[in-house]
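Q: The structure's right below; bear with me while I get my questions together.
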Protein chains: 2
Amino acid sequence: MTGVRERARVATTAEIMRLAREQLAVDGAAGLSLRAIARDLGMVSSAIYRYFASRDELLTALIINAYDQLGAAVEDGEKAVRRRSDFVARWRGATHAMRDWAIEHPAEWALLFGTPVPGYAAPQDTIPPASRYTLVLVTILTDMSAAGHRHDIAVPRSTRADLARLRTQLGTDAGDSSLLVGLTAWSAVMGAINLELFGHLHNVVETPGALFDAVVEQHGRVILGTVRDGDPS
Amino acid sequence: MTGVRERARVATTAEIMRLAREQLAVDGAAGLSLRAIARDLGMVSSAIYRYFASRDELLTALIINAYDQLGAAVEDGEKAVRRRSDFVARWRGATHAMRDWAIEHPAEWALLFGTPVPGYAAPQDTIPPASRYTLVLVTILTDMSAAGHRHDIAVPRSTRADLARLRTQLGTDAGDSSLLVGLTAWSAVMGAINLELFGHLHNVVETPGALFDAVVEQHGRVILGTVRDGDPS
DNA sequence: CAGATGCGAGAGCACCGCTCACATTTCTAT
DNA sequence: ATAGAAATGTGAGCGGTGCTCTCGCATCTG
């Protein structure tokens, strides 16, 4: 069944990815060197290609792994909120888990959400893990909708078609306003994390996470703010 | 005065930067190759180092140039608004100029706001051009304050010190709430542009600029929304 | 006009991703 | 059990990278 080779293969593959993540943390995605990994492994450089056909393939594996880690972290952060009807608390839980993960794994965050590697096109396999963390946010909106919350934000005509497609694609019945509220909140949170992680807050907001908190709270207010009917908790 | 050497030097330097920008647009920051530039210039690779001591130095020149371009674009976009008391229009003008510039110069945008180049620390010279585009946004807040607008957003205690420092640093008399509104709006706009430019809206919002518009409009509403006294135009 | 300075050429160093022919080891099917 | 197939590691090599150094020529300055 599990022969010598099979076990050795998964062990080596795992070791390569471990070393790659280590390198990623030190030198960033651009500094990822297959030769250096081989050296650390005590292998000759060409042997690496038995495990990953190319640098891009290793990159893909790292990206998928990172998306999965992030997804799990966000899921956990959101699930930790006991009062499931406290949607703002769930929003806080999810987004703070995002930021925490980003701060803990800055290189991996940069790999996912920073400058795309030129010449590299992410294959289809990255899509499901990539949508995992976003699904958490969508679920909050879905649950709000189920609880009778209705958002009331102006929806530009140009977004109607996209929002309709999104709704069926995500299998949610949140309204256009709700989806738009979610998207803009997502946008703001991603912006805040990127600004902080990429060093654009130096000499602006030194207190770590202060801007992030403000963004989360403000959009949390918007998320619950424009309630029409239902339960205005 | 302007000897043969002097003129040749500025011409060569300019040509190097032109070719570098060209390369940047094609291959991104990671693909910037001094050797390729030298080749295009009909020079031997080592000659480049007479003009730029290192790849990093060329990068710095490109960054400063890009910040200046962006700054000019945003300034123009904001100045084009005639009714100076229409603050949302000015906000729209500035932010849309940002996005337009980003779409026109994606590689340069990535250079400024994408993953920081590992091992590269931006020197002090980049700070003034970097703050140019932000100053436009701050000016809008300052003018709103002068016009009697007061924002009324909850200000987390943790941000008080930062906001106070920012106020004197920027020479504005916008209140804490106003500054925070500006920062979160900035954050959201940067996030929307990055998401769009870095390809995270594929299968999400296909209509170009739709999410961006929504973000700008929503924060435009927030910018003017929570008015306490003064002129509620 | 002589010395100082600027500049391009060219060789060279250490690294990179990747390919290929070849030897060795392990698995599989007869 | 054994022969052939498949997987794996080796080492040389190709063309590319950023960067350093020396050398000789052109230009500028006292």
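Residues in the structure tokens are named by chain (A, B, ... in the order shown) and by number from 1 within that chain; ligands are numbered from 1 in the order shown.
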Taking only C-alpha atoms (C1' of nucleotides) into account, which residues of chain C are within 10 Å of chain A, as a list in words?

A: DC15, DC16, DG17, DC18, DT19, DT25, DT26 and DC27 of chain C

Q: Chain D near chain A within 12 Å: what's each residue's closest atom pair and its distance in Å to one decimal, counting only C-alpha atoms (C1' of nucleotides), ordered by chain then ascending residue number, as a tab-separated table?

A:
residue	atom	partner	partner_atom	distance
D:DA6	C1'	A:Arg5	CA	11.4
D:DA7	C1'	A:Arg5	CA	8.1
D:DT8	C1'	A:Arg50	CA	7.4
D:DG9	C1'	A:Ala47	CA	6.2
D:DT10	C1'	A:Val44	CA	7.2
D:DG11	C1'	A:Val44	CA	8.4
D:DA12	C1'	A:Ser46	CA	11.1
D:DG13	C1'	A:Ser46	CA	11.9

Q: Using N, CA and C atoms (P, O5', C5', C4', C3', O3' and C1' of nucleotides), can you export the residues from the last selection as a short mmCIF file (atom, residue, chain, number, x, y, z; two decimals), in the first residue's frame?

A:
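As written to disk, again.cif reads:
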data_model
loop_
_atom_site.label_atom_id
_atom_site.label_comp_id
_atom_site.auth_asym_id
_atom_site.auth_seq_id
_atom_site.Cartn_x
_atom_site.Cartn_y
_atom_site.Cartn_z
P DA D 6 5.89 2.53 -17.71
"O5'" DA D 6 6.12 3.33 -16.36
"C5'" DA D 6 5.59 2.79 -15.15
"C4'" DA D 6 6.33 3.34 -13.95
"C3'" DA D 6 6.57 4.86 -14.00
"O3'" DA D 6 6.00 5.42 -12.83
"C1'" DA D 6 8.55 3.71 -13.38
P DA D 7 5.85 6.97 -12.67
"O5'" DA D 7 6.86 7.27 -11.47
"C5'" DA D 7 6.78 6.47 -10.31
"C4'" DA D 7 8.04 6.62 -9.47
"C3'" DA D 7 8.43 8.07 -9.18
"O3'" DA D 7 8.68 8.16 -7.78
"C1'" DA D 7 10.28 6.88 -10.05
P DT D 8 8.80 9.58 -7.07
"O5'" DT D 8 10.38 9.82 -7.03
"C5'" DT D 8 11.18 8.97 -6.20
"C4'" DT D 8 12.63 9.16 -6.53
"C3'" DT D 8 13.14 10.61 -6.44
"O3'" DT D 8 13.88 10.73 -5.24
"C1'" DT D 8 14.12 9.37 -8.24
P DG D 9 14.46 12.15 -4.79
"O5'" DG D 9 15.97 12.11 -5.30
"C5'" DG D 9 16.88 11.24 -4.64
"C4'" DG D 9 18.17 11.17 -5.41
"C3'" DG D 9 18.94 12.50 -5.51
"O3'" DG D 9 20.28 12.31 -5.08
"C1'" DG D 9 18.71 11.50 -7.66
P DT D 10 21.30 13.54 -5.19
"O5'" DT D 10 21.99 13.29 -6.60
"C5'" DT D 10 22.68 12.07 -6.83
"C4'" DT D 10 23.60 12.20 -8.04
"C3'" DT D 10 24.41 13.50 -8.11
"O3'" DT D 10 25.77 13.17 -8.32
"C1'" DT D 10 23.22 13.16 -10.15
P DG D 11 26.88 14.25 -7.94
"O5'" DG D 11 27.16 14.89 -9.38
"C5'" DG D 11 27.51 14.04 -10.45
"C4'" DG D 11 27.50 14.81 -11.75
"C3'" DG D 11 28.07 16.24 -11.66
"O3'" DG D 11 28.92 16.42 -12.78
"C1'" DG D 11 25.95 16.31 -12.63
P DA D 12 29.95 17.63 -12.86
"O5'" DA D 12 29.86 18.00 -14.42
"C5'" DA D 12 29.53 16.98 -15.35
"C4'" DA D 12 28.73 17.57 -16.49
"C3'" DA D 12 29.17 18.97 -16.92
"O3'" DA D 12 29.39 18.99 -18.32
"C1'" DA D 12 26.82 18.92 -16.57
P DG D 13 30.02 20.28 -19.04
"O5'" DG D 13 28.75 21.09 -19.59
"C5'" DG D 13 27.73 20.37 -20.27
"C4'" DG D 13 26.54 21.28 -20.49
"C3'" DG D 13 26.91 22.75 -20.76
"O3'" DG D 13 26.28 23.15 -21.96
"C1'" DG D 13 25.20 22.60 -19.16
#

Q: Taking only C-alpha atoms into account and nothing else, which residues of chain A lie no more than 8 Å away from chain B? Please answer as a PyMOL selection string.

A: chain A and resi 27-28+30-31+110+113-119+155-156+158-159+162-163+166+180+183-185+187-192+194-195+198+204-207+210-211+214-215

Q: Quick one: residues within 8 Å of Ala97 (chain A), only C-alpha atoms (C1' of nucleotides) counted, chain neighbours fewer than 6 positions away excluded, as a ChimeraX atom specification?

A: /A:73-74,76-78

Q: Next, dump the selected residues to file, keeping only C-alpha atoms, as a JSON list (two decimals), in the first residue's frame.

A:
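Below is the file that was written, result.json:
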[["chain", "number", "residue", "atom", "x", "y", "z"],
["A", 73, "ALA", "CA", -8.67, 31.34, 10.37],
["A", 74, "VAL", "CA", -11.56, 33.53, 9.24],
["A", 76, "ASP", "CA", -12.79, 30.13, 13.21],
["A", 77, "GLY", "CA", -12.83, 33.82, 14.05],
["A", 78, "GLU", "CA", -16.40, 34.11, 12.93]]

Q: Quick one, how far is CA of Ala121 (chain A) from CA of Leu32 (chain B)?

A: 18.9 Å

Q: Quick check, in Å to one decimal: how far apart do CA of Leu41 (chain A) and CA of Arg7 (chain A) lie?

A: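 Straight-line distance from CA of Leu41 (chain A) to CA of Arg7 (chain A) works out to 16.6 Å.
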
Q: Mind giving me the straight-line distance from CA of Ile64 (chain A) to CA of Tyr120 (chain B) in Å, one decimal?

A: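 Between CA of Ile64 (chain A) and CA of Tyr120 (chain B) the gap is 27.1 Å.
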
Q: At a cut-off of 12 Å, using only C-alpha atoms (C1' of nucleotides), what residues contact DA3 (chain D)? Leave out same-chain residues fewer than 3 positions from it and give the result as a PyMOL selection string.

A: chain C and resi 28-30

Q: Can you list, as a ChimeraX atom specification, every residue of region 24-208 of chain B that DSSP puts in helix (DSSP H, G or I)?

A: /B:24-27,29-31,34-41,45-50,55-79,87-104,106-113,124-146,157-170,176-197

Q: Keeping only C-alpha atoms, take the residues you just selected and write them out as a compact mmCIF listing (two decimals), in the first residue's frame.

A:
# COMPACT_ATOMS: atom_id res chain seq x y z
CA LEU B 24 7.86 48.03 -15.95
CA ALA B 25 4.67 48.19 -17.96
CA VAL B 26 5.46 44.91 -19.68
CA ASP B 27 7.00 42.73 -17.01
CA ALA B 29 8.66 45.58 -11.12
CA ALA B 30 10.11 42.13 -10.66
CA GLY B 31 11.03 41.94 -14.32
CA LEU B 34 19.30 46.50 -16.07
CA ARG B 35 20.94 44.30 -18.64
CA ALA B 36 17.90 44.51 -20.89
CA ILE B 37 17.89 48.28 -20.60
CA ALA B 38 21.55 48.37 -21.49
CA ARG B 39 20.87 46.13 -24.46
CA ASP B 40 18.10 48.39 -25.71
CA LEU B 41 20.43 51.33 -25.26
CA SER B 45 25.49 46.23 -19.04
CA SER B 46 28.13 47.64 -16.73
CA ALA B 47 27.79 51.10 -18.25
CA ILE B 48 24.36 51.50 -16.67
CA TYR B 49 25.99 51.65 -13.28
CA ARG B 50 27.54 54.99 -14.21
CA ARG B 55 18.84 48.44 -9.26
CA ASP B 56 17.40 49.91 -6.07
CA GLU B 57 18.50 53.41 -7.02
CA LEU B 58 16.75 53.13 -10.36
CA LEU B 59 13.71 51.81 -8.52
CA THR B 60 13.73 54.82 -6.24
CA ALA B 61 13.85 57.17 -9.22
CA LEU B 62 10.92 55.34 -10.77
CA ILE B 63 8.95 55.47 -7.53
CA ILE B 64 9.47 59.18 -7.07
CA ASN B 65 8.50 59.78 -10.66
CA ALA B 66 5.38 57.66 -10.31
CA TYR B 67 4.29 59.40 -7.10
CA ASP B 68 4.72 62.74 -8.84
CA GLN B 69 2.66 61.63 -11.82
CA LEU B 70 -0.07 60.31 -9.55
CA GLY B 71 0.02 63.45 -7.44
CA ALA B 72 -0.33 65.68 -10.50
CA ALA B 73 -3.17 63.56 -11.86
CA VAL B 74 -5.11 63.68 -8.60
CA GLU B 75 -4.53 67.39 -8.21
CA ASP B 76 -5.81 68.01 -11.72
CA GLY B 77 -8.82 65.77 -11.19
CA GLU B 78 -9.78 67.64 -8.06
CA LYS B 79 -9.08 71.10 -9.47
CA PHE B 87 -17.11 68.65 -1.62
CA VAL B 88 -18.45 65.33 -2.80
CA ALA B 89 -17.79 66.36 -6.38
CA ARG B 90 -14.23 67.21 -5.41
CA TRP B 91 -13.92 63.84 -3.66
CA ARG B 92 -15.21 62.16 -6.79
CA GLY B 93 -12.83 64.14 -8.98
CA ALA B 94 -9.79 63.24 -6.89
CA THR B 95 -10.57 59.56 -6.41
CA HIS B 96 -11.60 58.94 -10.00
CA ALA B 97 -8.37 60.56 -11.10
CA MET B 98 -6.58 58.11 -8.83
CA ARG B 99 -8.30 55.11 -10.36
CA ASP B 100 -7.84 56.39 -13.89
CA TRP B 101 -4.13 56.83 -13.31
CA ALA B 102 -3.92 53.40 -11.74
CA ILE B 103 -5.62 51.77 -14.72
CA GLU B 104 -3.41 53.64 -17.13
CA PRO B 106 -0.90 49.48 -13.47
CA ALA B 107 2.75 48.52 -13.09
CA GLU B 108 3.62 51.87 -11.57
CA TRP B 109 0.62 51.63 -9.26
CA ALA B 110 1.79 48.19 -8.19
CA LEU B 111 5.24 49.62 -7.61
CA LEU B 112 3.80 52.22 -5.26
CA PHE B 113 1.03 50.31 -3.52
CA GLN B 124 13.43 59.74 2.67
CA ASP B 125 13.28 61.44 -0.74
CA THR B 126 10.15 59.51 -1.58
CA ILE B 127 8.12 60.99 1.28
CA PRO B 128 7.23 64.40 -0.17
CA PRO B 129 6.07 63.05 -3.55
CA ALA B 130 4.29 60.22 -1.75
CA SER B 131 2.22 62.62 0.32
CA ARG B 132 1.24 64.73 -2.65
CA TYR B 133 -1.91 62.82 -3.60
CA THR B 134 -2.99 62.43 0.01
CA LEU B 135 -2.71 66.15 0.53
CA VAL B 136 -5.44 66.67 -2.03
CA LEU B 137 -7.80 64.57 0.05
CA VAL B 138 -6.79 66.35 3.24
CA THR B 139 -7.41 69.72 1.62
CA ILE B 140 -10.99 68.72 0.93
CA LEU B 141 -11.46 67.94 4.62
CA THR B 142 -9.78 71.18 5.61
CA ASP B 143 -12.05 73.19 3.31
CA MET B 144 -15.08 71.39 4.68
CA SER B 145 -14.00 72.29 8.16
CA ALA B 146 -13.52 75.92 7.13
CA ARG B 157 -9.73 56.31 22.06
CA SER B 158 -6.74 54.48 20.60
CA THR B 159 -6.61 56.77 17.59
CA ARG B 160 -6.76 60.09 19.46
CA ALA B 161 -3.01 60.56 19.76
CA ASP B 162 -2.38 59.65 16.14
CA LEU B 163 -5.09 61.99 14.92
CA ALA B 164 -3.73 64.86 17.00
CA ARG B 165 -0.26 64.36 15.55
CA LEU B 166 -1.69 64.08 12.06
CA ARG B 167 -3.59 67.33 12.45
CA THR B 168 -0.50 69.39 13.24
CA GLN B 169 1.60 67.43 10.78
CA LEU B 170 -0.81 68.18 7.96
CA ASP B 176 -10.90 63.95 14.81
CA SER B 177 -14.06 62.64 13.26
CA SER B 178 -13.29 64.34 9.98
CA LEU B 179 -9.79 62.94 9.85
CA LEU B 180 -11.07 59.49 10.64
CA VAL B 181 -13.73 59.74 7.98
CA GLY B 182 -11.02 60.73 5.55
CA LEU B 183 -8.75 57.88 6.56
CA THR B 184 -11.41 55.21 6.27
CA ALA B 185 -12.55 56.61 2.93
CA TRP B 186 -8.94 56.59 1.73
CA SER B 187 -8.59 53.03 2.92
CA ALA B 188 -11.69 51.91 1.09
CA VAL B 189 -10.69 53.58 -2.14
CA MET B 190 -7.20 52.10 -2.05
CA GLY B 191 -8.73 48.72 -1.36
CA ALA B 192 -11.12 48.96 -4.28
CA ILE B 193 -8.38 49.97 -6.70
CA ASN B 194 -6.04 47.24 -5.49
CA LEU B 195 -8.73 44.58 -5.70
CA GLU B 196 -9.60 45.60 -9.23
CA LEU B 197 -6.01 46.00 -10.42
